[in-house]
>>> print(open('target30.txt').read())   # compact mmCIF, C-alpha atoms
# COMPACT_ATOMS: atom_id res chain seq x y z
CA MET A 1 -93.08 19.44 -5.66
CA LYS A 2 -89.79 18.32 -4.20
CA LYS A 3 -86.71 19.60 -5.99
CA ILE A 4 -84.59 16.69 -7.20
CA LYS A 5 -80.99 17.15 -8.26
CA ILE A 6 -79.94 15.12 -11.24
CA MET A 7 -76.83 14.07 -9.34
CA GLY A 8 -78.97 12.11 -6.91
CA LEU A 9 -80.81 10.36 -9.72
CA LEU A 10 -77.62 9.45 -11.48
CA LEU A 11 -76.05 7.98 -8.39
CA MET A 12 -79.04 5.71 -7.92
CA ILE A 13 -78.93 4.64 -11.53
CA ALA A 14 -75.20 4.05 -11.48
CA ALA A 15 -75.60 1.67 -8.57
CA ALA A 16 -77.85 -0.55 -10.63
CA VAL A 17 -76.52 -0.38 -14.16
CA CYS A 18 -73.35 0.50 -16.04
CA ILE A 19 -73.72 3.96 -17.52
CA THR A 20 -71.47 5.21 -20.29
CA ASN A 21 -70.55 8.88 -20.56
CA ILE A 22 -72.02 9.53 -17.13
CA ALA A 23 -69.08 11.62 -15.89
CA VAL A 24 -69.63 14.21 -18.57
CA PHE A 25 -73.15 14.93 -17.44
CA ALA A 26 -72.99 14.34 -13.72
CA GLU A 27 -69.88 14.63 -11.61
CA ASP A 28 -68.14 17.20 -13.79
CA ALA A 29 -71.13 19.47 -14.14
CA GLU A 30 -72.58 20.13 -10.72
CA PHE A 31 -74.67 23.29 -10.38
CA ASN A 32 -74.15 25.73 -7.53
CA GLU A 33 -74.36 29.44 -6.77
CA PHE A 34 -70.78 30.08 -7.87
CA ASN A 35 -71.08 28.84 -11.46
CA LYS A 36 -74.69 29.91 -11.99
CA LEU A 37 -75.46 31.94 -15.09
CA PHE A 38 -79.22 31.83 -14.56
CA SER A 39 -81.66 29.80 -12.50
CA VAL A 40 -85.21 29.82 -11.27
CA GLU A 41 -86.74 27.35 -8.82
CA PHE A 42 -90.31 28.73 -8.99
CA GLU A 43 -90.31 29.52 -5.30
CA ASP A 44 -90.70 32.64 -3.22
CA GLY A 45 -87.83 35.03 -3.83
CA ASP A 46 -87.32 34.18 -7.51
CA ASP A 47 -86.64 37.13 -9.77
CA ARG A 48 -89.54 37.10 -12.24
CA SER A 49 -88.76 40.35 -14.02
CA PHE A 50 -87.45 38.53 -17.11
CA TRP A 51 -90.45 36.24 -17.66
CA ARG A 52 -92.69 36.85 -20.65
CA ILE A 53 -95.59 35.21 -22.41
CA LEU A 54 -95.05 35.66 -26.15
CA GLY A 55 -98.25 35.34 -28.11
CA ALA A 56 -98.42 33.50 -31.44
CA ASP A 57 -98.65 36.92 -33.12
CA GLY A 58 -95.45 38.07 -31.38
CA SER A 59 -97.25 40.20 -28.80
CA VAL A 60 -96.16 40.17 -25.16
CA LYS A 61 -98.94 39.10 -22.83
CA THR A 62 -99.40 39.76 -19.14
CA PHE A 63 -99.26 36.79 -16.83
CA ASP A 64 -99.90 36.19 -13.14
CA PHE A 65 -96.94 33.98 -12.25
CA ASP A 66 -97.87 33.58 -8.60
CA SER A 67 -101.19 31.98 -9.48
CA ALA A 68 -99.43 29.53 -11.84
CA ILE A 69 -96.96 28.21 -9.25
CA THR A 70 -98.08 25.05 -7.46
CA ASP A 71 -95.88 23.01 -5.10
CA SER A 72 -92.77 24.88 -6.31
CA SER A 73 -93.50 24.13 -9.96
CA LEU A 74 -94.75 26.37 -12.74
CA LYS A 75 -97.96 25.11 -14.34
CA LEU A 76 -98.50 26.15 -17.96
CA THR A 77 -101.82 25.70 -19.76
CA PRO A 78 -103.27 26.91 -23.08
CA ASN A 79 -104.68 29.87 -21.11
CA THR A 80 -101.11 31.08 -20.63
CA ALA A 81 -98.71 30.10 -23.42
CA SER A 82 -101.14 28.58 -25.96
CA TYR A 83 -99.54 28.66 -29.43
CA GLY A 84 -97.13 31.31 -28.25
CA LYS A 85 -94.14 30.75 -26.01
CA PHE A 86 -93.28 30.97 -22.36
CA ARG A 87 -90.01 32.90 -22.42
CA ALA A 88 -87.19 34.07 -20.19
CA GLU A 89 -85.86 37.23 -21.81
CA PHE A 90 -82.45 38.77 -21.08
CA SER A 91 -82.40 41.52 -23.72
CA ASP A 92 -81.27 44.19 -21.26
CA ASN A 93 -78.49 42.04 -19.81
CA PRO A 94 -77.77 39.02 -22.03
CA ILE A 95 -75.77 36.07 -20.69
CA HIS A 96 -72.39 36.20 -22.41
CA VAL A 97 -71.29 32.72 -23.52
CA GLU A 98 -69.01 33.36 -26.50
CA ASN A 99 -66.30 30.66 -26.80
CA ILE A 100 -67.20 29.06 -23.44
CA THR A 101 -66.58 25.36 -23.96
CA SER A 102 -69.09 23.90 -21.51
CA VAL A 103 -72.34 25.56 -20.54
CA TYR A 104 -75.03 23.36 -19.01
CA TRP A 105 -78.76 23.92 -19.31
CA GLU A 106 -80.98 21.74 -17.17
CA THR A 107 -84.68 21.56 -16.42
CA ARG A 108 -87.08 19.11 -14.80
CA LEU A 109 -90.59 18.91 -16.20
CA LYS A 110 -93.57 16.71 -17.01
CA PHE A 111 -96.43 16.87 -19.49
CA ASN A 112 -100.05 16.07 -18.75
CA TYR A 113 -101.93 15.70 -22.03
CA PRO A 114 -105.68 15.01 -22.06
CA GLU A 115 -107.00 11.60 -23.02
CA GLY A 116 -107.11 11.03 -26.76
CA SER A 117 -104.29 13.43 -27.64
CA LEU A 118 -101.38 10.98 -27.24
CA ARG A 119 -99.86 8.95 -30.04
CA SER A 120 -101.10 5.39 -30.57
CA ASP A 121 -98.13 3.94 -28.67
CA GLY A 122 -98.80 6.23 -25.69
CA THR A 123 -95.94 8.61 -26.39
CA LEU A 124 -96.23 12.38 -26.44
CA PRO A 125 -97.37 14.27 -29.53
CA ASN A 126 -94.85 16.28 -31.52
CA ASP A 127 -93.56 19.55 -30.13
CA THR A 128 -90.89 20.82 -32.47
CA GLN A 129 -90.19 23.81 -30.26
CA MET A 130 -90.16 22.19 -26.84
CA PHE A 131 -87.05 24.14 -25.77
CA ILE A 132 -85.12 26.83 -27.59
CA LEU A 133 -82.14 28.80 -26.34
CA GLN A 134 -81.47 31.73 -28.65
CA ASP A 135 -79.12 34.59 -29.42
CA PHE A 136 -80.63 37.87 -30.63
CA HIS A 137 -80.93 36.47 -34.16
CA GLN A 138 -83.52 33.69 -34.41
CA ASN A 139 -81.27 31.47 -36.55
CA HIS A 140 -78.70 31.31 -33.76
CA ARG A 141 -80.40 28.70 -31.61
CA VAL A 142 -80.05 25.53 -29.58
CA CYS A 143 -83.17 23.38 -30.01
CA ILE A 144 -84.66 20.42 -28.13
CA ALA A 145 -87.83 18.85 -29.52
CA ILE A 146 -90.19 15.87 -29.45
CA TYR A 147 -90.48 14.08 -32.79
CA ASN A 148 -92.61 10.97 -33.28
CA GLY A 149 -92.88 10.61 -29.51
CA ALA A 150 -89.09 10.67 -28.99
CA LEU A 151 -86.42 13.17 -28.03
CA ALA A 152 -84.65 15.09 -30.82
CA TYR A 153 -82.18 17.95 -30.58
CA GLY A 154 -79.80 20.23 -32.44
CA GLY A 155 -80.38 21.63 -35.89
CA THR A 156 -83.56 23.63 -36.35
CA PRO A 157 -87.07 23.06 -34.93
CA GLU A 158 -88.17 21.88 -38.37
CA ASN A 159 -85.13 19.70 -38.98
CA PRO A 160 -83.34 18.46 -35.84
CA GLY A 161 -79.72 17.50 -36.13
CA LEU A 162 -80.14 14.27 -34.16
CA PHE A 163 -83.20 12.03 -33.78
CA THR A 164 -83.14 9.63 -30.83
CA ASP A 165 -85.11 6.53 -29.92
CA TYR A 166 -85.72 7.80 -26.38
CA LYS A 167 -89.51 7.72 -26.01
CA MET A 168 -91.26 10.33 -23.87
CA TYR A 169 -94.52 9.58 -22.09
CA ASN A 170 -97.37 11.37 -20.39
CA ASN A 171 -97.46 12.35 -16.72
CA THR A 172 -93.79 11.43 -16.23
CA TRP A 173 -91.10 13.67 -14.74
CA TYR A 174 -88.05 14.14 -16.96
CA THR A 175 -84.76 15.79 -16.12
CA ILE A 176 -83.15 17.09 -19.30
CA ARG A 177 -79.59 18.38 -19.39
CA ALA A 178 -77.97 19.91 -22.46
CA MET A 179 -74.22 20.48 -22.56
CA MET A 180 -73.29 23.23 -25.02
CA ASN A 181 -69.91 24.14 -26.43
CA PHE A 182 -70.01 27.72 -27.67
CA ASN A 183 -66.55 27.41 -29.16
CA THR A 184 -67.42 24.58 -31.57
CA ASN A 185 -71.19 25.35 -31.63
CA VAL A 186 -72.38 21.86 -30.69
CA VAL A 187 -74.82 20.44 -28.15
CA SER A 188 -75.22 17.02 -26.53
CA VAL A 189 -78.13 15.94 -24.34
CA TYR A 190 -78.67 13.69 -21.35
CA ILE A 191 -82.18 12.82 -20.19
CA VAL A 192 -83.49 10.62 -17.37
CA ASP A 193 -87.05 10.00 -16.23
CA GLU A 194 -88.40 9.53 -12.72
CA ASN A 195 -87.97 5.75 -13.07
CA GLY A 196 -84.30 5.92 -14.05
CA ASN A 197 -84.74 5.36 -17.79
CA GLU A 198 -82.05 7.44 -19.47
CA TYR A 199 -80.38 8.46 -22.66
CA SER A 200 -76.95 9.99 -23.18
CA GLY A 201 -76.50 11.41 -26.69
CA SER A 202 -73.64 12.52 -28.86
CA GLU A 203 -72.93 16.03 -30.10
CA THR A 204 -74.71 17.73 -32.96
CA GLN A 205 -74.55 21.24 -34.39
CA PHE A 206 -76.57 24.27 -33.31
CA SER A 207 -79.07 25.61 -35.86
CA TYR A 208 -77.21 26.04 -39.16
CA GLY A 209 -73.96 25.63 -37.22
CA GLU A 210 -74.18 29.31 -36.33
CA GLU A 211 -72.29 30.68 -33.33
CA ILE A 212 -74.01 32.02 -30.24
CA LYS A 213 -72.28 34.85 -28.39
CA ASP A 214 -75.00 35.82 -25.95
CA ILE A 215 -78.16 34.21 -24.61
CA TYR A 216 -81.08 36.58 -25.10
CA PHE A 217 -84.03 34.19 -24.87
CA VAL A 218 -84.91 30.81 -23.40
CA ASP A 219 -88.25 29.50 -24.72
CA PHE A 220 -90.23 26.68 -23.13
CA PRO A 221 -92.93 24.26 -24.30
CA ARG A 222 -95.89 25.66 -26.15
CA GLN A 223 -99.36 24.55 -25.08
CA LEU A 224 -100.82 23.26 -28.34
CA ILE A 225 -103.77 21.16 -27.18
CA ALA A 226 -106.85 22.12 -25.18
CA ASN A 227 -106.58 21.12 -21.49
CA GLN A 228 -102.86 20.36 -21.89
CA GLU A 229 -100.71 21.01 -18.82
CA THR A 230 -96.94 21.37 -18.51
CA TYR A 231 -95.19 21.44 -15.13
CA ILE A 232 -91.68 22.92 -14.85
CA ASP A 233 -89.87 22.20 -11.60
CA TYR A 234 -86.78 24.35 -12.15
CA ILE A 235 -84.53 25.85 -14.83
CA ARG A 236 -80.76 26.15 -14.44
CA VAL A 237 -78.01 27.39 -16.73
CA TRP A 238 -74.41 27.31 -15.54
CA ASP A 239 -70.77 27.48 -16.57
CA GLY A 240 -69.27 24.00 -16.38
CA ARG A 241 -65.62 24.94 -16.88
CA PHE A 242 -62.91 24.12 -14.32
CA GLN A 243 -63.18 26.84 -11.72
CA LEU A 244 -63.08 27.83 -8.09
CA TYR A 245 -66.44 27.22 -6.45
CA ASP A 246 -66.06 28.78 -3.04
CA THR A 247 -63.57 29.93 -0.43
CA SER A 248 -63.60 30.03 3.36
CA ILE A 249 -62.94 33.79 3.16
CA SER A 250 -65.29 35.71 0.90
CA ASP A 251 -64.54 38.70 -1.30
CA GLY A 252 -64.75 41.91 0.71
CA GLU A 253 -64.94 40.12 4.05
CA GLU A 254 -63.76 42.10 7.06
CA ASN A 255 -62.52 41.18 10.52
CA VAL A 256 -60.86 38.01 9.25
CA PRO A 257 -58.82 36.43 12.09
CA ALA A 258 -55.11 37.11 11.72
CA ASP A 259 -54.37 33.43 12.29
CA ALA A 260 -56.86 32.26 9.62
CA SER A 261 -56.02 29.88 6.80
CA LEU A 262 -57.71 29.97 3.39
CA SER A 263 -59.70 26.95 2.20
CA MET A 264 -60.74 26.62 -1.44
CA ASN A 265 -63.11 24.23 -3.22
CA PHE A 266 -62.77 23.61 -6.96
CA SER A 267 -65.12 22.09 -9.51
CA ASP A 268 -62.49 19.45 -10.31
CA ILE A 269 -59.31 18.09 -8.75
CA PRO A 270 -56.48 20.61 -9.25
CA VAL A 271 -52.96 19.46 -10.00
CA GLU A 272 -51.26 20.23 -6.69
CA GLN A 273 -48.04 21.54 -8.22
CA THR A 274 -49.95 24.24 -10.10
CA LEU A 275 -51.44 25.62 -6.87
CA THR A 276 -48.12 27.28 -6.06
CA GLY A 277 -49.01 29.88 -8.70
CA ILE A 278 -51.47 31.48 -6.26
CA VAL A 279 -50.22 34.92 -5.17
CA VAL A 280 -51.25 36.64 -1.93
CA THR A 281 -50.21 40.25 -1.39
CA ASP A 282 -50.70 42.87 1.32
CA SER A 283 -51.77 46.48 0.77
CA ASP A 284 -48.20 47.47 -0.12
CA GLY A 285 -47.94 44.78 -2.79
CA ASN A 286 -45.63 42.57 -0.75
CA SER A 287 -46.01 38.83 -1.34
CA VAL A 288 -47.21 36.83 1.65
CA PRO A 289 -45.53 33.43 2.17
CA TYR A 290 -47.79 30.40 2.52
CA GLU A 291 -47.83 26.62 2.45
CA VAL A 292 -50.41 24.79 0.37
CA THR A 293 -51.95 21.34 0.73
CA ALA A 294 -54.49 19.67 -1.54
CA ASN A 295 -57.10 17.00 -0.91
CA ASP A 296 -59.32 15.87 -3.78
CA LYS A 297 -61.16 18.98 -4.99
CA SER A 298 -60.08 21.11 -2.04
CA ALA A 299 -56.93 23.01 -1.17
CA GLU A 300 -55.82 25.05 1.83
CA LEU A 301 -53.31 27.87 2.21
CA PHE A 302 -51.54 28.15 5.57
CA PHE A 303 -49.85 31.44 6.41
CA SER A 304 -47.01 30.21 8.59
CA ALA A 305 -45.98 33.70 9.72
CA GLY A 306 -49.57 34.74 10.31
CA LEU A 307 -51.29 37.77 8.88
CA LYS A 308 -50.98 41.36 10.05
CA PHE A 309 -53.78 42.99 11.99
CA ASN A 310 -56.05 45.48 10.24
CA GLU A 311 -54.49 44.77 6.85
CA GLU A 312 -56.05 44.35 3.41
CA TYR A 313 -54.91 41.28 1.48
CA THR A 314 -55.54 40.34 -2.14
CA VAL A 315 -55.60 36.74 -3.37
CA ASN A 316 -54.92 36.14 -7.07
CA ILE A 317 -55.77 32.64 -8.28
CA PRO A 318 -54.43 32.43 -11.86
CA ASP A 319 -55.44 30.40 -14.91
CA THR A 320 -52.15 28.50 -14.61
CA ILE A 321 -53.92 26.20 -12.14
CA LYS A 322 -54.97 23.10 -14.08
CA ASN A 323 -56.87 19.86 -13.58
CA SER A 324 -55.59 16.45 -14.63
CA ALA A 325 -57.07 16.91 -18.11
CA GLY A 326 -54.93 20.02 -18.58
CA ASP A 327 -57.88 22.42 -18.44
CA SER A 328 -56.97 25.86 -17.11
CA MET A 329 -59.00 27.29 -14.27
CA ILE A 330 -60.96 30.50 -14.71
CA ALA A 331 -58.77 33.13 -13.04
CA ARG A 332 -60.21 34.74 -9.95
CA SER A 333 -59.15 37.50 -7.57
CA PHE A 334 -60.61 38.67 -4.27
CA SER A 335 -59.65 40.76 -1.25
CA PHE A 336 -60.29 40.74 2.48
CA VAL A 337 -59.33 42.72 5.58
CA THR A 338 -58.02 41.18 8.78
CA GLU A 339 -59.30 41.97 12.25
CA SER A 340 -58.03 44.76 14.41
CA PRO A 341 -55.87 43.52 17.30
CA ILE A 342 -57.82 42.62 20.40
CA PHE A 343 -55.51 44.77 22.49
CA SER A 344 -52.63 46.87 21.23
CA THR A 345 -50.48 49.85 22.17
CA GLY A 346 -48.59 52.06 19.81
CA VAL A 347 -45.07 53.47 20.06
CA PRO A 348 -44.97 56.36 22.58
CA ASN A 349 -44.81 59.83 21.08
CA VAL A 350 -42.82 62.39 23.16
CA ASN A 351 -43.08 66.16 22.88
CA VAL A 352 -41.04 68.50 25.15
CA SER A 353 -42.29 72.07 25.41
CA GLY A 354 -41.05 74.47 28.08
CA ASN A 355 -41.10 72.80 31.49
CA ASN A 356 -43.33 69.91 30.42
CA ALA A 357 -42.84 66.70 28.51
CA GLN A 358 -46.02 65.21 27.10
CA ILE A 359 -46.18 61.49 26.27
CA SER A 360 -48.97 60.15 24.02
CA VAL A 361 -49.70 56.47 23.37
CA ASP A 362 -52.36 55.09 20.97
CA VAL A 363 -54.34 52.27 22.57
CA THR A 364 -56.95 49.83 21.21
CA ASN A 365 -58.98 47.44 23.38
CA ASN A 366 -61.35 45.22 21.38
CA GLY A 367 -61.47 42.58 24.05
CA THR A 368 -64.10 41.81 26.66
CA THR A 369 -62.32 43.09 29.79
CA ASN A 370 -60.57 46.28 30.81
CA LYS A 371 -56.78 46.31 30.55
CA GLU A 372 -54.05 48.16 32.43
CA ILE A 373 -50.90 49.70 30.96
CA CYS A 374 -47.92 51.49 32.48
CA VAL A 375 -46.09 54.38 30.84
CA LEU A 376 -42.57 54.86 32.21
CA THR A 377 -41.01 58.22 31.39
CA VAL A 378 -37.24 58.67 31.78
CA VAL A 379 -35.73 62.16 31.69
CA TYR A 380 -32.00 62.60 30.92
CA ASP A 381 -30.00 65.78 31.63
CA GLN A 382 -27.37 67.51 29.54
CA GLN A 383 -24.73 64.96 30.63
CA ASN A 384 -27.07 62.13 29.51
CA LYS A 385 -27.62 61.06 33.10
CA VAL A 386 -30.99 59.98 34.42
CA ALA A 387 -32.43 62.99 36.15
CA LYS A 388 -35.99 61.80 36.69
CA MET A 389 -38.23 58.73 36.27
CA VAL A 390 -42.04 58.81 36.39
CA ASN A 391 -44.45 55.87 36.12
CA ASN A 392 -48.09 56.45 35.10
CA THR A 393 -50.72 53.71 35.17
CA PHE A 394 -53.80 53.80 32.94
CA GLU A 395 -56.90 51.58 32.88
CA ILE A 396 -58.02 50.97 29.28
CA PRO A 397 -61.75 50.29 29.08
CA VAL A 398 -63.35 47.85 26.65
CA GLY A 399 -64.02 49.48 23.29
CA MET A 400 -61.42 52.21 23.62
CA ASN A 401 -59.60 53.20 20.43
CA ASP A 402 -57.86 56.42 21.36
CA ALA A 403 -54.71 57.83 22.94
CA VAL A 404 -53.69 58.18 26.60
CA THR A 405 -51.42 61.02 27.62
CA ALA A 406 -49.06 61.63 30.51
CA THR A 407 -47.39 64.92 31.43
CA VAL A 408 -44.02 65.02 33.23
CA ASP A 409 -42.56 68.17 34.80
CA VAL A 410 -38.94 68.75 33.62
CA THR A 411 -38.39 72.03 35.48
CA GLY A 412 -34.74 72.58 36.50
CA ILE A 413 -33.32 69.92 34.18
CA SER A 414 -30.95 71.47 31.65
CA SER A 415 -31.52 70.47 28.02
CA PRO A 416 -33.77 67.55 28.98
CA TYR A 417 -33.93 64.49 26.74
CA VAL A 418 -37.00 62.35 27.34
CA LYS A 419 -37.73 58.72 26.47
CA ALA A 420 -40.91 56.79 27.24
CA TYR A 421 -41.67 53.08 27.48
CA VAL A 422 -45.01 51.27 27.56
CA TRP A 423 -45.64 48.02 29.42
CA ASN A 424 -48.90 46.48 28.18
CA GLY A 425 -48.72 43.25 30.11
CA VAL A 426 -47.15 41.39 27.19
CA ASN A 427 -44.22 43.44 25.95
CA ILE A 428 -42.49 46.80 26.24
CA GLU A 429 -42.87 49.32 23.42
>>> encode(input="target30.txt", output="structure tokens")
Amino acid sequence: MKKIKIMGLLLMIAAAVCITNIAVFAEDAEFNEFNKLFSVEFEDGDDRSFWRILGADGSVKTFDFDSAITDSSLKLTPNTASYGKFRAEFSDNPIHVENITSVYWETRLKFNYPEGSLRSDGTLPNDTQMFILQDFHQNHRVCIAIYNGALAYGGTPENPGLFTDYKMYNNTWYTIRAMMNFNTNVVSVYIVDENGNEYSGSETQFSYGEEIKDIYFVDFPRQLIANQETYIDYIRVWDGRFQLYDTSISDGEENVPADASLSMNFSDIPVEQTLTGIVVTDSDGNSVPYEVTANDKSAELFFSAGLKFNEEYTVNIPDTIKNSAGDSMIARSFSFVTESPIFSTGVPNVNVSGNNAQISVDVTNNGTTNKEICVLTVVYDQQNKVAKMVNNTFEIPVGMNDAVTATVDVTGISSPYVKAYVWNGVNIE
């Protein structure tokens, strides 16, 4: 089964008809890996450790998920869920949603009921517990149901908060998206079928208007009729608040080029003036100057003076960054380390002992060819006159990260004072 993003469906619909409230459910609520709270695509690699089959008596049943996945969709039958529930359970690590103003929950599914079980008008039979998202207490729920062949949601399974006239039919793919505000404890729903028929509904309260702080369970359609089949293409839950989606430099990244810039992509268009609140610091806490430009939902930081080699930088992106609606961004911080220099020489270290002066120079060659350096040693006598000059040449092989040393004989020079200089082909140290 081909995965279909709701964004693609909405764009096709928008080209043909005028859709009200579409921005709330489409453009402003795109799912990706950065805002994901939970998702499963029913493909290889999915984490299935949280899936349960909850029997009608409350018992937990074993279930062979691999055998139930067909064409990247989960197929449920009465042999699996029956009067119980197919459940994603997060008891050990619940999804914290307290006071988050926009969490989206989306799934794509279709029902295949046997002949004779549909309503007289061809719509689906009632399923008062089609979808339930629940805190640890069963009264703290978000419910989506089918009543009299039509979508209903909010309230309780027995008494939905909002009945719609959106009819649901057999063997038809539906994409359902619920937008939940865990600050005001309300839910609104958008639904569209495979033919572009849609409904965009208003807000209604959660069950009993109770708050939900954490998501412990997500329950999916029961299988109430013999030979009934339900296909679930994917399940996604994500944080829809204004936030940073991705950056060109990732957290913990190493060997970042010292001449790199930093690109950022946001979930909405940031107000450019607020981007100046971003703070970049080096390992000593010094602020790093930058210039910032913005283009639609993207921004880029240019470090005009460049970055230091082999240095750790921290980027703090504060909640003072806002979109045009005045929403504050979720603050984010990450660090990275720049590359070592391709070729570098340190400051010469001189040590005079007896009749010898030893010169040591740290050298790094991360390039692809050998390099040559010259170490010039100048010896001054007691009258501060040049008494001796010695030039040593060293070939620095690829991959070297060590020191080279030169020894100069200072015999016969009274109270010698020694200075050393390094020529690395670019500058003198």
>>> atom_distance(input="target30.txt", atom1="CA of Leu124 in chain A", atom2="CA of Ala145 in chain A")
11.0 Å
>>> residues_around(input="target30.txt", residues="Glu253 in chain A", least_positions_apart="3", cutoff="7 Å", atoms="all atoms listed in the file", output="PyMOL selection string")
chain A and resi 249-250+256+336-337
>>> residues_near_point(input="target30.txt", point="(-55.6, 49.6, 23.8)", cutoff="6 Å", atoms="all atoms listed in the file", output="list in words")
Phe343, Ser344, Thr345, Val363, Thr364 and Asn365 of chain A
>>> write_last_selection(input="target30.txt", atoms="C-alpha atoms", output="mmCIF file, keeping the file's coordinate frame")
data_model
loop_
_atom_site.group_PDB
_atom_site.id
_atom_site.type_symbol
_atom_site.label_atom_id
_atom_site.label_comp_id
_atom_site.auth_asym_id
_atom_site.auth_seq_id
_atom_site.Cartn_x
_atom_site.Cartn_y
_atom_site.Cartn_z
ATOM 1 C CA PHE A 343 -55.510 44.770 22.490
ATOM 2 C CA SER A 344 -52.630 46.870 21.230
ATOM 3 C CA THR A 345 -50.480 49.850 22.170
ATOM 4 C CA VAL A 363 -54.340 52.270 22.570
ATOM 5 C CA THR A 364 -56.950 49.830 21.210
ATOM 6 C CA ASN A 365 -58.980 47.440 23.380
#
>>> closest_residue(input="target30.txt", among="A:Asn139, A:Asn401, A:Ser188, A:Asn181", to="Leu151 in chain A", atoms="all atoms listed in the file")
A:Ser188
>>> closest_residue(input="target30.txt", among="A:Asp193, A:Asp66, A:Asp165, A:Glu229", to="Asn79 in chain A", atoms="only C-alpha atoms")
A:Glu229
>>> residues_around(input="target30.txt", residues="Arg332 in chain A", least_positions_apart="4", cutoff="8 Å", atoms="all atoms listed in the file", output="number ranges by chain")
A: 244, 316-318
>>> decode(input="target30.txt", residues="range 338-349 of chain A", atoms="N, CA, C and O atoms", output="PDB file, in the first residue's frame")
ATOM      1  N   THR A 338      34.408  21.942  15.246  1.00  0.00           N
ATOM      2  CA  THR A 338      34.977  22.211  13.925  1.00  0.00           C
ATOM      3  C   THR A 338      36.142  21.263  13.628  1.00  0.00           C
ATOM      4  O   THR A 338      36.688  20.596  14.516  1.00  0.00           O
ATOM      5  N   GLU A 339      36.517  21.237  12.372  1.00  0.00           N
ATOM      6  CA  GLU A 339      37.587  20.377  11.898  1.00  0.00           C
ATOM      7  C   GLU A 339      38.941  20.818  12.455  1.00  0.00           C
ATOM      8  O   GLU A 339      39.134  21.973  12.842  1.00  0.00           O
ATOM      9  N   SER A 340      39.858  19.867  12.484  1.00  0.00           N
ATOM     10  CA  SER A 340      41.242  20.237  12.745  1.00  0.00           C
ATOM     11  C   SER A 340      41.792  20.895  11.483  1.00  0.00           C
ATOM     12  O   SER A 340      41.330  20.626  10.374  1.00  0.00           O
ATOM     13  N   PRO A 341      42.807  21.777  11.642  1.00  0.00           N
ATOM     14  CA  PRO A 341      43.371  22.402  10.442  1.00  0.00           C
ATOM     15  C   PRO A 341      43.987  21.355   9.529  1.00  0.00           C
ATOM     16  O   PRO A 341      44.541  20.351   9.992  1.00  0.00           O
ATOM     17  N   ILE A 342      43.921  21.596   8.238  1.00  0.00           N
ATOM     18  CA  ILE A 342      44.503  20.641   7.293  1.00  0.00           C
ATOM     19  C   ILE A 342      46.010  20.543   7.496  1.00  0.00           C
ATOM     20  O   ILE A 342      46.591  19.462   7.519  1.00  0.00           O
ATOM     21  N   PHE A 343      46.639  21.704   7.679  1.00  0.00           N
ATOM     22  CA  PHE A 343      48.069  21.711   7.968  1.00  0.00           C
ATOM     23  C   PHE A 343      48.353  22.878   8.905  1.00  0.00           C
ATOM     24  O   PHE A 343      47.961  24.016   8.627  1.00  0.00           O
ATOM     25  N   SER A 344      49.013  22.598  10.008  1.00  0.00           N
ATOM     26  CA  SER A 344      49.309  23.669  10.956  1.00  0.00           C
ATOM     27  C   SER A 344      50.614  23.388  11.680  1.00  0.00           C
ATOM     28  O   SER A 344      51.019  22.230  11.850  1.00  0.00           O
ATOM     29  N   THR A 345      51.260  24.472  12.119  1.00  0.00           N
ATOM     30  CA  THR A 345      52.459  24.388  12.945  1.00  0.00           C
ATOM     31  C   THR A 345      52.260  25.245  14.174  1.00  0.00           C
ATOM     32  O   THR A 345      51.673  26.324  14.110  1.00  0.00           O
ATOM     33  N   GLY A 346      52.738  24.752  15.294  1.00  0.00           N
ATOM     34  CA  GLY A 346      52.622  25.502  16.520  1.00  0.00           C
ATOM     35  C   GLY A 346      53.765  26.484  16.712  1.00  0.00           C
ATOM     36  O   GLY A 346      54.677  26.586  15.887  1.00  0.00           O
ATOM     37  N   VAL A 347      53.720  27.216  17.817  1.00  0.00           N
ATOM     38  CA  VAL A 347      54.795  28.151  18.163  1.00  0.00           C
ATOM     39  C   VAL A 347      55.994  27.350  18.665  1.00  0.00           C
ATOM     40  O   VAL A 347      55.846  26.446  19.492  1.00  0.00           O
ATOM     41  N   PRO A 348      57.202  27.639  18.162  1.00  0.00           N
ATOM     42  CA  PRO A 348      58.379  26.868  18.576  1.00  0.00           C
ATOM     43  C   PRO A 348      58.636  26.981  20.081  1.00  0.00           C
ATOM     44  O   PRO A 348      58.485  28.050  20.672  1.00  0.00           O
ATOM     45  N   ASN A 349      58.989  25.859  20.672  1.00  0.00           N
ATOM     46  CA  ASN A 349      59.353  25.819  22.084  1.00  0.00           C
ATOM     47  C   ASN A 349      60.865  25.592  22.184  1.00  0.00           C
ATOM     48  O   ASN A 349      61.403  24.643  21.591  1.00  0.00           O
TER      49      ASN A 349
END
